[in-house]
>>> print(open('entry-v9.cif').read())   # mmCIF, C-alpha atoms
data_upload
loop_
_atom_site.group_PDB
_atom_site.id
_atom_site.type_symbol
_atom_site.label_atom_id
_atom_site.label_comp_id
_atom_site.auth_asym_id
_atom_site.auth_seq_id
_atom_site.Cartn_x
_atom_site.Cartn_y
_atom_site.Cartn_z
ATOM 1 C CA MET A 1 56.039 -29.164 20.533
ATOM 2 C CA ASN A 2 56.659 -32.110 22.854
ATOM 3 C CA TRP A 3 54.072 -32.509 25.660
ATOM 4 C CA ASP A 4 56.756 -33.946 27.933
ATOM 5 C CA ASP A 5 58.725 -30.709 27.555
ATOM 6 C CA VAL A 6 55.596 -28.761 28.513
ATOM 7 C CA ARG A 7 55.217 -30.966 31.593
ATOM 8 C CA ILE A 8 58.803 -30.187 32.583
ATOM 9 C CA PHE A 9 58.254 -26.467 31.974
ATOM 10 C CA LEU A 10 55.271 -26.574 34.342
ATOM 11 C CA ALA A 11 57.363 -28.272 37.031
ATOM 12 C CA VAL A 12 60.077 -25.597 36.781
ATOM 13 C CA ALA A 13 57.535 -22.764 36.746
ATOM 14 C CA ARG A 14 55.955 -24.137 39.917
ATOM 15 C CA ALA A 15 59.159 -25.009 41.747
ATOM 16 C CA GLY A 16 61.050 -21.885 40.687
ATOM 17 C CA GLN A 17 64.278 -23.874 40.344
ATOM 18 C CA LEU A 18 65.689 -26.421 37.906
ATOM 19 C CA LEU A 19 67.087 -28.567 40.720
ATOM 20 C CA ALA A 20 63.846 -28.655 42.710
ATOM 21 C CA ALA A 21 61.840 -29.455 39.567
ATOM 22 C CA GLY A 22 64.285 -32.216 38.706
ATOM 23 C CA ARG A 23 63.906 -33.805 42.119
ATOM 24 C CA ARG A 24 60.135 -33.746 41.753
ATOM 25 C CA LEU A 25 60.300 -35.302 38.286
ATOM 26 C CA GLY A 26 63.092 -37.777 38.996
ATOM 27 C CA LEU A 27 65.421 -36.090 36.474
ATOM 28 C CA ASN A 28 68.788 -34.406 36.869
ATOM 29 C CA HIS A 29 68.842 -30.628 36.548
ATOM 30 C CA ALA A 30 70.876 -30.726 33.313
ATOM 31 C CA THR A 31 68.150 -32.773 31.624
ATOM 32 C CA VAL A 32 65.495 -30.386 32.921
ATOM 33 C CA ALA A 33 67.428 -27.378 31.573
ATOM 34 C CA ARG A 34 67.897 -29.054 28.207
ATOM 35 C CA ARG A 35 64.204 -29.880 27.861
ATOM 36 C CA VAL A 36 63.154 -26.333 28.732
ATOM 37 C CA SER A 37 65.596 -25.052 26.116
ATOM 38 C CA ALA A 38 64.108 -27.470 23.571
ATOM 39 C CA LEU A 39 60.629 -26.112 24.306
ATOM 40 C CA GLU A 40 61.852 -22.529 23.903
ATOM 41 C CA ALA A 41 63.442 -23.470 20.582
ATOM 42 C CA ALA A 42 60.228 -25.117 19.396
ATOM 43 C CA LEU A 43 58.196 -22.042 20.335
ATOM 44 C CA LYS A 44 60.909 -19.617 19.187
ATOM 45 C CA VAL A 45 60.539 -17.570 22.360
ATOM 46 C CA LYS A 46 62.339 -17.232 25.696
ATOM 47 C CA LEU A 47 60.138 -18.553 28.492
ATOM 48 C CA MET A 48 62.443 -18.249 31.510
ATOM 49 C CA ASP A 49 65.294 -16.163 32.820
ATOM 50 C CA ARG A 50 67.675 -18.500 34.619
ATOM 51 C CA ARG A 51 69.366 -16.698 37.471
ATOM 52 C CA THR A 52 71.474 -17.723 40.444
ATOM 53 C CA ASN A 53 68.454 -17.402 42.734
ATOM 54 C CA GLY A 54 66.159 -19.485 40.526
ATOM 55 C CA CYS A 55 64.137 -19.398 37.333
ATOM 56 C CA HIS A 56 61.786 -16.511 36.632
ATOM 57 C CA LEU A 57 59.142 -16.516 33.924
ATOM 58 C CA THR A 58 59.419 -13.910 31.186
ATOM 59 C CA PRO A 59 56.219 -12.152 30.058
ATOM 60 C CA ALA A 60 56.013 -14.725 27.254
ATOM 61 C CA GLY A 61 56.510 -17.469 29.841
ATOM 62 C CA GLU A 62 53.664 -16.091 31.950
ATOM 63 C CA ARG A 63 51.388 -16.159 28.920
ATOM 64 C CA PHE A 64 52.482 -19.663 27.967
ATOM 65 C CA LEU A 65 51.921 -20.885 31.542
ATOM 66 C CA THR A 66 48.176 -20.320 31.121
ATOM 67 C CA SER A 67 48.162 -22.369 27.917
ATOM 68 C CA ALA A 68 50.348 -25.074 29.456
ATOM 69 C CA GLU A 69 47.998 -25.460 32.419
ATOM 70 C CA ALA A 70 45.044 -25.744 30.021
ATOM 71 C CA MET A 71 46.931 -28.480 28.136
ATOM 72 C CA GLU A 72 47.638 -30.213 31.437
ATOM 73 C CA ALA A 73 43.966 -30.072 32.394
ATOM 74 C CA GLU A 74 43.007 -31.686 29.073
ATOM 75 C CA MET A 75 45.606 -34.432 29.569
ATOM 76 C CA LEU A 76 44.352 -35.098 33.086
ATOM 77 C CA ALA A 77 40.755 -35.203 31.877
ATOM 78 C CA ALA A 78 41.695 -37.673 29.154
ATOM 79 C CA THR A 79 43.483 -39.848 31.699
ATOM 80 C CA ALA A 80 40.507 -39.701 34.044
ATOM 81 C CA ALA A 81 38.196 -40.861 31.265
ATOM 82 C CA THR A 82 40.273 -44.003 30.717
ATOM 83 C CA ASP A 83 41.034 -45.037 34.304
ATOM 84 C CA ALA A 84 37.485 -45.272 35.668
ATOM 85 C CA ASP A 85 37.530 -49.069 35.570
ATOM 86 C CA MET A 86 41.143 -49.478 36.674
ATOM 87 C CA ASP A 87 42.413 -50.083 40.189
ATOM 88 C CA LEU A 88 43.250 -46.867 41.987
ATOM 89 C CA SER A 89 46.971 -46.129 41.777
ATOM 90 C CA GLY A 90 49.446 -43.282 41.842
ATOM 91 C CA THR A 91 50.507 -40.787 44.486
ATOM 92 C CA VAL A 92 48.475 -38.146 46.284
ATOM 93 C CA ARG A 93 50.248 -35.601 48.470
ATOM 94 C CA ILE A 94 48.249 -33.960 51.263
ATOM 95 C CA GLY A 95 49.435 -30.771 52.935
ATOM 96 C CA ALA A 96 47.924 -29.924 56.312
ATOM 97 C CA PRO A 97 48.561 -27.842 59.440
ATOM 98 C CA ASP A 98 50.679 -29.867 61.842
ATOM 99 C CA GLY A 99 47.956 -30.256 64.476
ATOM 100 C CA PHE A 100 45.338 -31.610 62.101
ATOM 101 C CA GLY A 101 47.862 -33.497 59.989
ATOM 102 C CA VAL A 102 49.687 -35.322 62.776
ATOM 103 C CA ALA A 103 47.039 -35.597 65.493
ATOM 104 C CA PHE A 104 44.074 -36.417 63.253
ATOM 105 C CA LEU A 105 45.058 -37.556 59.757
ATOM 106 C CA ALA A 106 48.232 -39.542 60.412
ATOM 107 C CA PRO A 107 46.592 -42.203 62.640
ATOM 108 C CA ARG A 108 43.680 -42.620 60.203
ATOM 109 C CA LEU A 109 45.054 -42.548 56.655
ATOM 110 C CA GLY A 110 46.218 -46.150 56.941
ATOM 111 C CA GLU A 111 42.588 -47.130 56.403
ATOM 112 C CA LEU A 112 42.743 -45.480 52.984
ATOM 113 C CA THR A 113 45.968 -47.158 51.871
ATOM 114 C CA ALA A 114 44.694 -50.521 53.101
ATOM 115 C CA ARG A 115 41.572 -50.036 51.001
ATOM 116 C CA HIS A 116 43.606 -49.098 47.886
ATOM 117 C CA PRO A 117 46.921 -51.038 47.831
ATOM 118 C CA GLY A 118 48.062 -49.333 44.621
ATOM 119 C CA LEU A 119 47.713 -45.841 46.085
ATOM 120 C CA THR A 120 50.593 -43.997 47.733
ATOM 121 C CA VAL A 121 49.592 -41.259 50.167
ATOM 122 C CA GLN A 122 52.099 -38.587 51.185
ATOM 123 C CA LEU A 123 51.193 -36.501 54.229
ATOM 124 C CA VAL A 124 53.072 -33.210 54.648
ATOM 125 C CA PRO A 125 52.111 -31.614 57.970
ATOM 126 C CA GLY A 126 53.750 -28.358 58.976
ATOM 127 C CA PRO A 127 53.340 -24.843 60.361
ATOM 128 C CA ARG A 128 53.120 -23.121 56.985
ATOM 129 C CA SER A 129 50.757 -22.640 54.070
ATOM 130 C CA ILE A 130 50.861 -25.029 51.123
ATOM 131 C CA SER A 131 50.906 -23.637 47.579
ATOM 132 C CA LEU A 132 48.613 -25.648 45.333
ATOM 133 C CA SER A 133 49.422 -23.486 42.310
ATOM 134 C CA ARG A 134 53.075 -24.516 42.690
ATOM 135 C CA ARG A 135 51.953 -28.123 43.182
ATOM 136 C CA GLU A 136 53.552 -28.440 46.619
ATOM 137 C CA ALA A 137 50.618 -30.764 47.320
ATOM 138 C CA ASP A 138 47.654 -32.190 45.451
ATOM 139 C CA ILE A 139 45.226 -31.575 48.322
ATOM 140 C CA ALA A 140 45.559 -29.053 51.133
ATOM 141 C CA VAL A 141 43.762 -28.633 54.415
ATOM 142 C CA ALA A 142 43.540 -24.897 55.048
ATOM 143 C CA VAL A 143 42.336 -22.781 57.973
ATOM 144 C CA GLU A 144 40.667 -20.235 55.688
ATOM 145 C CA ARG A 145 38.618 -20.555 52.536
ATOM 146 C CA PRO A 146 40.847 -19.412 49.653
ATOM 147 C CA GLU A 147 39.634 -16.282 47.896
ATOM 148 C CA HIS A 148 41.946 -16.385 44.889
ATOM 149 C CA GLY A 149 43.136 -18.930 42.369
ATOM 150 C CA ARG A 150 41.521 -21.710 40.372
ATOM 151 C CA LEU A 151 40.734 -23.819 43.410
ATOM 152 C CA VAL A 152 37.972 -26.138 44.548
ATOM 153 C CA ALA A 153 37.184 -25.736 48.267
ATOM 154 C CA ARG A 154 34.828 -27.475 50.648
ATOM 155 C CA LYS A 155 34.376 -26.856 54.352
ATOM 156 C CA LEU A 156 35.433 -29.820 56.464
ATOM 157 C CA VAL A 157 34.506 -28.866 60.016
ATOM 158 C CA ASP A 158 34.462 -26.107 62.620
ATOM 159 C CA TYR A 159 36.890 -26.559 65.499
ATOM 160 C CA THR A 160 37.651 -24.794 68.757
ATOM 161 C CA LEU A 161 40.725 -23.666 70.642
ATOM 162 C CA GLY A 162 40.908 -22.882 74.327
ATOM 163 C CA LEU A 163 43.232 -22.208 77.229
ATOM 164 C CA PHE A 164 44.801 -25.266 78.857
ATOM 165 C CA ALA A 165 47.450 -25.940 81.477
ATOM 166 C CA HIS A 166 48.850 -29.055 83.077
ATOM 167 C CA ALA A 167 47.335 -29.843 86.477
ATOM 168 C CA ARG A 168 50.818 -29.703 87.978
ATOM 169 C CA TYR A 169 51.325 -26.123 86.764
ATOM 170 C CA LEU A 170 47.984 -24.988 88.202
ATOM 171 C CA GLU A 171 48.780 -26.604 91.546
ATOM 172 C CA SER A 172 52.002 -24.577 91.708
ATOM 173 C CA HIS A 173 50.828 -21.271 90.244
ATOM 174 C CA GLY A 174 47.087 -21.175 90.852
ATOM 175 C CA THR A 175 44.244 -20.841 88.366
ATOM 176 C CA PRO A 176 43.499 -17.434 86.809
ATOM 177 C CA ALA A 177 40.000 -16.150 87.563
ATOM 178 C CA GLY A 178 39.783 -14.018 84.396
ATOM 179 C CA PRO A 179 41.769 -12.826 81.366
ATOM 180 C CA ALA A 180 43.367 -10.000 83.372
ATOM 181 C CA ASP A 181 45.043 -12.574 85.619
ATOM 182 C CA LEU A 182 46.889 -14.179 82.698
ATOM 183 C CA LYS A 183 49.627 -11.539 82.863
ATOM 184 C CA GLU A 184 50.660 -13.054 86.204
ATOM 185 C CA HIS A 185 51.245 -16.448 84.574
ATOM 186 C CA GLN A 186 53.754 -18.079 82.267
ATOM 187 C CA LEU A 187 52.166 -18.169 78.829
ATOM 188 C CA VAL A 188 52.988 -20.450 75.905
ATOM 189 C CA GLY A 189 52.171 -19.099 72.449
ATOM 190 C CA TYR A 190 53.055 -18.949 68.771
ATOM 191 C CA VAL A 191 55.859 -17.037 67.034
ATOM 192 C CA GLU A 192 53.903 -14.090 65.696
ATOM 193 C CA ASP A 193 56.001 -13.264 62.635
ATOM 194 C CA LEU A 194 55.862 -16.906 61.497
ATOM 195 C CA VAL A 195 52.070 -17.186 61.580
ATOM 196 C CA PHE A 196 51.138 -18.115 58.008
ATOM 197 C CA SER A 197 47.460 -17.124 58.148
ATOM 198 C CA PRO A 198 45.626 -14.248 59.866
ATOM 199 C CA ALA A 199 43.163 -16.845 61.172
ATOM 200 C CA LEU A 200 45.940 -18.252 63.353
ATOM 201 C CA ALA A 201 46.768 -14.933 65.053
ATOM 202 C CA TYR A 202 44.120 -15.507 67.704
ATOM 203 C CA ALA A 203 45.784 -14.640 71.040
ATOM 204 C CA SER A 204 44.151 -11.205 71.213
ATOM 205 C CA GLU A 205 40.742 -12.900 71.210
ATOM 206 C CA VAL A 206 41.640 -14.363 74.606
ATOM 207 C CA ALA A 207 43.428 -11.359 76.128
ATOM 208 C CA LYS A 208 44.271 -8.058 74.450
ATOM 209 C CA ASP A 209 47.577 -7.841 76.318
ATOM 210 C CA TRP A 210 48.595 -11.497 75.776
ATOM 211 C CA GLN A 211 52.371 -11.760 76.193
ATOM 212 C CA ALA A 212 53.831 -15.237 75.815
ATOM 213 C CA ARG A 213 57.328 -15.751 77.206
ATOM 214 C CA PHE A 214 57.689 -19.114 75.455
ATOM 215 C CA GLU A 215 56.841 -19.048 71.751
ATOM 216 C CA ILE A 216 56.802 -22.110 69.495
ATOM 217 C CA ALA A 217 56.055 -22.133 65.762
ATOM 218 C CA SER A 218 54.197 -25.421 65.920
ATOM 219 C CA THR A 219 50.806 -26.432 67.255
ATOM 220 C CA LEU A 220 52.119 -29.737 68.533
ATOM 221 C CA GLY A 221 55.176 -28.040 70.026
ATOM 222 C CA GLN A 222 52.946 -25.719 72.030
ATOM 223 C CA THR A 223 50.899 -28.691 73.216
ATOM 224 C CA GLU A 224 54.004 -30.549 74.367
ATOM 225 C CA ALA A 225 55.321 -27.492 76.222
ATOM 226 C CA VAL A 226 52.030 -27.063 78.079
ATOM 227 C CA ARG A 227 51.938 -30.787 78.800
ATOM 228 C CA ALA A 228 55.401 -30.478 80.353
ATOM 229 C CA GLY A 229 54.155 -27.758 82.712
ATOM 230 C CA ALA A 230 55.724 -24.763 80.962
ATOM 231 C CA GLY A 231 52.630 -22.625 81.390
ATOM 232 C CA ILE A 232 49.178 -21.843 80.019
ATOM 233 C CA GLY A 233 48.659 -22.099 76.282
ATOM 234 C CA ILE A 234 45.943 -21.733 73.654
ATOM 235 C CA LEU A 235 45.588 -25.261 72.341
ATOM 236 C CA HIS A 236 43.410 -27.092 69.859
ATOM 237 C CA SER A 237 40.681 -28.603 71.997
ATOM 238 C CA PHE A 238 40.499 -31.840 70.000
ATOM 239 C CA ILE A 239 44.187 -32.436 70.768
ATOM 240 C CA ALA A 240 44.321 -31.184 74.375
ATOM 241 C CA ARG A 241 41.264 -33.159 75.490
ATOM 242 C CA ARG A 242 43.067 -36.415 74.746
ATOM 243 C CA ASP A 243 45.258 -35.858 77.819
ATOM 244 C CA PRO A 244 43.272 -35.812 81.087
ATOM 245 C CA ALA A 245 46.158 -34.029 82.816
ATOM 246 C CA LEU A 246 45.558 -30.948 80.634
ATOM 247 C CA VAL A 247 42.977 -28.838 82.424
ATOM 248 C CA PRO A 248 40.778 -26.203 80.702
ATOM 249 C CA VAL A 249 41.457 -22.676 81.970
ATOM 250 C CA LEU A 250 38.804 -19.945 81.599
ATOM 251 C CA PRO A 251 36.584 -22.397 79.673
ATOM 252 C CA ASP A 252 34.261 -19.609 78.503
ATOM 253 C CA LYS A 253 37.147 -18.148 76.486
ATOM 254 C CA THR A 254 36.987 -20.242 73.327
ATOM 255 C CA ILE A 255 38.113 -19.478 69.782
ATOM 256 C CA ASN A 256 36.237 -20.827 66.766
ATOM 257 C CA ARG A 257 37.917 -21.659 63.475
ATOM 258 C CA ALA A 258 37.317 -24.011 60.539
ATOM 259 C CA TYR A 259 39.236 -26.446 58.363
ATOM 260 C CA TRP A 260 38.781 -26.365 54.585
ATOM 261 C CA LEU A 261 39.755 -29.017 52.050
ATOM 262 C CA VAL A 262 41.185 -27.478 48.873
ATOM 263 C CA TYR A 263 42.621 -28.710 45.576
ATOM 264 C CA HIS A 264 43.366 -27.191 42.174
ATOM 265 C CA GLU A 265 40.498 -27.281 39.726
ATOM 266 C CA THR A 266 42.670 -28.963 37.083
ATOM 267 C CA LEU A 267 42.716 -32.034 39.352
ATOM 268 C CA ARG A 268 38.944 -32.148 39.714
ATOM 269 C CA ASP A 269 38.535 -35.085 37.328
ATOM 270 C CA GLN A 270 41.417 -37.168 38.641
ATOM 271 C CA ARG A 271 39.902 -40.211 40.258
ATOM 272 C CA ARG A 272 42.579 -40.597 42.936
ATOM 273 C CA ILE A 273 42.138 -36.953 43.985
ATOM 274 C CA ARG A 274 38.375 -37.378 44.283
ATOM 275 C CA VAL A 275 38.749 -40.609 46.253
ATOM 276 C CA VAL A 276 41.227 -39.119 48.741
ATOM 277 C CA ALA A 277 39.259 -35.867 49.100
ATOM 278 C CA ASP A 278 36.030 -37.789 49.708
ATOM 279 C CA PHE A 279 37.772 -40.082 52.204
ATOM 280 C CA ILE A 280 39.041 -37.134 54.266
ATOM 281 C CA THR A 281 35.620 -35.476 54.136
ATOM 282 C CA ASP A 282 33.850 -38.659 55.247
ATOM 283 C CA LEU A 283 36.443 -39.258 57.949
ATOM 284 C CA VAL A 284 35.978 -35.806 59.447
ATOM 285 C CA ASP A 285 32.206 -36.042 59.196
ATOM 286 C CA ARG A 286 32.276 -39.404 60.978
ATOM 287 C CA GLU A 287 34.287 -38.005 63.890
ATOM 288 C CA LYS A 288 33.210 -34.362 63.865
ATOM 289 C CA GLY A 289 32.120 -34.577 67.499
ATOM 290 C CA ILE A 290 35.736 -34.431 68.664
ATOM 291 C CA PHE A 291 36.181 -30.976 67.105
ATOM 292 C CA ALA A 292 33.323 -29.285 68.986
#
>>> encode(input="entry-v9.cif", output="structure tokens")
Amino acid sequence: MNWDDVRIFLAVARAGQLLAAGRRLGLNHATVARRVSALEAALKVKLMDRRTNGCHLTPAGERFLTSAEAMEAEMLAATAATDADMDLSGTVRIGAPDGFGVAFLAPRLGELTARHPGLTVQLVPGPRSISLSRREADIAVAVERPEHGRLVARKLVDYTLGLFAHARYLESHGTPAGPADLKEHQLVGYVEDLVFSPALAYASEVAKDWQARFEIASTLGQTEAVRAGAGIGILHSFIARRDPALVPVLPDKTINRAYWLVYHETLRDQRRIRVVADFITDLVDREKGIFA
């Protein structure tokens, strides 16, 4: 059995497609298919069903996936044992919600790359969950502590959300005196069926009959709409407070959530993962006052 073929099998199992795995590995899909076939021949068992909609593991493939991940963990541990005295290098991909990723991490990660010139950091912010088991990222910032999977999680910080509107909007439409008055206003909210975590379906905590007429599937998109005077929105306080023209509305109506830093336990001993995870943790701890 060739370890490189096992590595390619893992990439296909996680991506679900030969083409996507090939892009991730820097190989063409024909080479990826050939190497998976070579592994199946070596093991004398069919690991994957290749269909038009992607590759699906057979029962034997599911069983082999557990062994392959154990092999990967041993390889990573062996690599970690030899690189302790070497300069930090390689690539670390960080997945994060768009608000935290763009508004907080993006302006600050340059400090990390300046400190470690051989390290490449990839930041993937977006309004969706990141699958660490499929290796869509090495490190994820999540809004809930994961309850399943072989994951290492640490709490980063609590943060708040609140109602905000542009001063110009309030001058034109007035300021609501209580939650019941919100139905008389233009509300900016999220697209409910695209919310990727129950923790982000928070509108009912502000008003049980919350009805947004302008829905945006992005934290930053909602912020920009409110900044443009489109209405009242539930915004991340650490983002909204940066603009003095955004005025808190019903300031006693706040929502409390938390950010968690998560990575797969097989990466625990990788030095670059530890360095990046510790950097993000220290960064948040240093500036945690902005999240209150």
>>> resolve_selection(input="entry-v9.cif", expression="the PyMOL selection byres ((chain A and resi 125) around 7)", output="PyMOL selection string")
chain A and resi 95-98+101-102+123-124+126
>>> closest_residue(input="entry-v9.cif", among="A:Ala73, A:Arg134, A:Ala41, A:Leu170", to="A:Ala20", atoms="all atoms listed in the file")
A:Arg134
>>> closest_residue(input="entry-v9.cif", among="A:Ala258, A:Ala277, A:Ala165, A:Ile139", to="A:Thr223", atoms="only C-alpha atoms")
A:Ala165
>>> resolve_selection(input="entry-v9.cif", expression="the PyMOL selection byres ((chain A and resi 244-254) around 6)", output="short mmCIF file (atom, residue, chain, number, x, y, z; two decimals) with C-alpha atoms, in the frame of the given file")
data_model
loop_
_atom_site.label_atom_id
_atom_site.label_comp_id
_atom_site.auth_asym_id
_atom_site.auth_seq_id
_atom_site.Cartn_x
_atom_site.Cartn_y
_atom_site.Cartn_z
CA LEU A 161 40.72 -23.67 70.64
CA GLY A 162 40.91 -22.88 74.33
CA LEU A 163 43.23 -22.21 77.23
CA PHE A 164 44.80 -25.27 78.86
CA ALA A 165 47.45 -25.94 81.48
CA HIS A 166 48.85 -29.06 83.08
CA ALA A 167 47.34 -29.84 86.48
CA ASP A 243 45.26 -35.86 77.82
CA ILE A 255 38.11 -19.48 69.78
#
>>> resolve_selection(input="entry-v9.cif", expression="the PyMOL selection byres ((chain A and resi 214) around 7)", output="ChimeraX atom specification")
/A:187-189,212-213,215-216
>>> atom_distance(input="entry-v9.cif", atom1="atom CA of A:Phe279", atom2="atom CA of A:Tyr263")
14.0 Å
>>> axis_aligned_box(input="entry-v9.cif", around="stretch 249-264 of chain A", padding_each_side="6 Å", output="AutoDock Vina command-line options")
--center_x 38.8 --center_y -23.6 --center_z 62.1 --size_x 21.1 --size_y 22.9 --size_z 51.8
>>> residues_near_point(input="entry-v9.cif", point="(25.9, -30.1, 62.8)", cutoff="12 Å", atoms="only C-alpha atoms", output="list in words")
Leu156, Val157, Asp158, Tyr159, Asp285, Arg286, Glu287, Lys288, Gly289, Phe291 and Ala292 of chain A
>>> atom_distance(input="entry-v9.cif", atom1="atom CA of A:Phe104", atom2="atom CA of A:Thr266")
27.2 Å
>>> atom_distance(input="entry-v9.cif", atom1="atom CA of A:Ser204", atom2="atom CA of A:Pro179")
10.6 Å
>>> build_atoms(input="entry-v9.cif", residues="stretch 273-281 of chain A", atoms="all heavy atoms", output="PDB file, keeping the file's coordinate frame")
ATOM      1  N   ILE A 273      42.348 -38.173  43.201  1.00  0.00           N
ATOM      2  CA  ILE A 273      42.138 -36.953  43.985  1.00  0.00           C
ATOM      3  C   ILE A 273      40.740 -36.966  44.591  1.00  0.00           C
ATOM      4  O   ILE A 273      40.550 -36.659  45.772  1.00  0.00           O
ATOM      5  CB  ILE A 273      42.337 -35.706  43.106  1.00  0.00           C
ATOM      6  CG1 ILE A 273      43.755 -35.670  42.516  1.00  0.00           C
ATOM      7  CG2 ILE A 273      42.061 -34.446  43.923  1.00  0.00           C
ATOM      8  CD1 ILE A 273      44.862 -35.627  43.544  1.00  0.00           C
ATOM      9  N   ARG A 274      39.751 -37.329  43.777  1.00  0.00           N
ATOM     10  CA  ARG A 274      38.375 -37.378  44.283  1.00  0.00           C
ATOM     11  C   ARG A 274      38.241 -38.395  45.406  1.00  0.00           C
ATOM     12  O   ARG A 274      37.569 -38.147  46.414  1.00  0.00           O
ATOM     13  CB  ARG A 274      37.404 -37.740  43.147  1.00  0.00           C
ATOM     14  CG  ARG A 274      37.290 -36.698  42.063  1.00  0.00           C
ATOM     15  CD  ARG A 274      36.009 -36.904  41.247  1.00  0.00           C
ATOM     16  NE  ARG A 274      35.827 -38.294  40.844  1.00  0.00           N
ATOM     17  CZ  ARG A 274      36.303 -38.816  39.724  1.00  0.00           C
ATOM     18  NH1 ARG A 274      37.017 -38.062  38.899  1.00  0.00           N
ATOM     19  NH2 ARG A 274      36.083 -40.079  39.415  1.00  0.00           N
ATOM     20  N   VAL A 275      38.866 -39.559  45.240  1.00  0.00           N
ATOM     21  CA  VAL A 275      38.749 -40.609  46.253  1.00  0.00           C
ATOM     22  C   VAL A 275      39.369 -40.156  47.575  1.00  0.00           C
ATOM     23  O   VAL A 275      38.775 -40.330  48.647  1.00  0.00           O
ATOM     24  CB  VAL A 275      39.407 -41.912  45.762  1.00  0.00           C
ATOM     25  CG1 VAL A 275      39.581 -42.907  46.906  1.00  0.00           C
ATOM     26  CG2 VAL A 275      38.576 -42.540  44.641  1.00  0.00           C
ATOM     27  N   VAL A 276      40.556 -39.557  47.516  1.00  0.00           N
ATOM     28  CA  VAL A 276      41.227 -39.119  48.741  1.00  0.00           C
ATOM     29  C   VAL A 276      40.468 -37.952  49.376  1.00  0.00           C
ATOM     30  O   VAL A 276      40.276 -37.919  50.607  1.00  0.00           O
ATOM     31  CB  VAL A 276      42.694 -38.736  48.456  1.00  0.00           C
ATOM     32  CG1 VAL A 276      43.351 -38.153  49.713  1.00  0.00           C
ATOM     33  CG2 VAL A 276      43.478 -39.943  47.969  1.00  0.00           C
ATOM     34  N   ALA A 277      40.018 -37.005  48.562  1.00  0.00           N
ATOM     35  CA  ALA A 277      39.259 -35.867  49.100  1.00  0.00           C
ATOM     36  C   ALA A 277      37.973 -36.337  49.768  1.00  0.00           C
ATOM     37  O   ALA A 277      37.610 -35.882  50.861  1.00  0.00           O
ATOM     38  CB  ALA A 277      38.950 -34.874  47.986  1.00  0.00           C
ATOM     39  N   ASP A 278      37.277 -37.275  49.124  1.00  0.00           N
ATOM     40  CA  ASP A 278      36.030 -37.789  49.708  1.00  0.00           C
ATOM     41  C   ASP A 278      36.311 -38.584  50.978  1.00  0.00           C
ATOM     42  O   ASP A 278      35.527 -38.537  51.938  1.00  0.00           O
ATOM     43  CB  ASP A 278      35.301 -38.677  48.695  1.00  0.00           C
ATOM     44  CG  ASP A 278      34.705 -37.877  47.540  1.00  0.00           C
ATOM     45  OD1 ASP A 278      34.612 -36.654  47.664  1.00  0.00           O
ATOM     46  OD2 ASP A 278      34.350 -38.498  46.515  1.00  0.00           O
ATOM     47  N   PHE A 279      37.426 -39.311  51.002  1.00  0.00           N
ATOM     48  CA  PHE A 279      37.772 -40.082  52.204  1.00  0.00           C
ATOM     49  C   PHE A 279      38.001 -39.149  53.390  1.00  0.00           C
ATOM     50  O   PHE A 279      37.496 -39.389  54.492  1.00  0.00           O
ATOM     51  CB  PHE A 279      39.021 -40.928  51.953  1.00  0.00           C
ATOM     52  CG  PHE A 279      39.500 -41.674  53.172  1.00  0.00           C
ATOM     53  CD1 PHE A 279      38.951 -42.903  53.505  1.00  0.00           C
ATOM     54  CD2 PHE A 279      40.483 -41.141  53.989  1.00  0.00           C
ATOM     55  CE1 PHE A 279      39.375 -43.582  54.641  1.00  0.00           C
ATOM     56  CE2 PHE A 279      40.912 -41.816  55.120  1.00  0.00           C
ATOM     57  CZ  PHE A 279      40.353 -43.042  55.448  1.00  0.00           C
ATOM     58  N   ILE A 280      38.770 -38.075  53.178  1.00  0.00           N
ATOM     59  CA  ILE A 280      39.041 -37.134  54.266  1.00  0.00           C
ATOM     60  C   ILE A 280      37.746 -36.480  54.733  1.00  0.00           C
ATOM     61  O   ILE A 280      37.496 -36.335  55.938  1.00  0.00           O
ATOM     62  CB  ILE A 280      40.060 -36.073  53.818  1.00  0.00           C
ATOM     63  CG1 ILE A 280      41.413 -36.725  53.541  1.00  0.00           C
ATOM     64  CG2 ILE A 280      40.201 -34.975  54.876  1.00  0.00           C
ATOM     65  CD1 ILE A 280      42.439 -35.777  52.933  1.00  0.00           C
ATOM     66  N   THR A 281      36.897 -36.099  53.783  1.00  0.00           N
ATOM     67  CA  THR A 281      35.620 -35.476  54.136  1.00  0.00           C
ATOM     68  C   THR A 281      34.757 -36.424  54.961  1.00  0.00           C
ATOM     69  O   THR A 281      34.191 -36.031  55.989  1.00  0.00           O
ATOM     70  CB  THR A 281      34.861 -35.059  52.861  1.00  0.00           C
ATOM     71  OG1 THR A 281      35.676 -34.150  52.109  1.00  0.00           O
ATOM     72  CG2 THR A 281      33.552 -34.378  53.213  1.00  0.00           C
TER      73      THR A 281
END
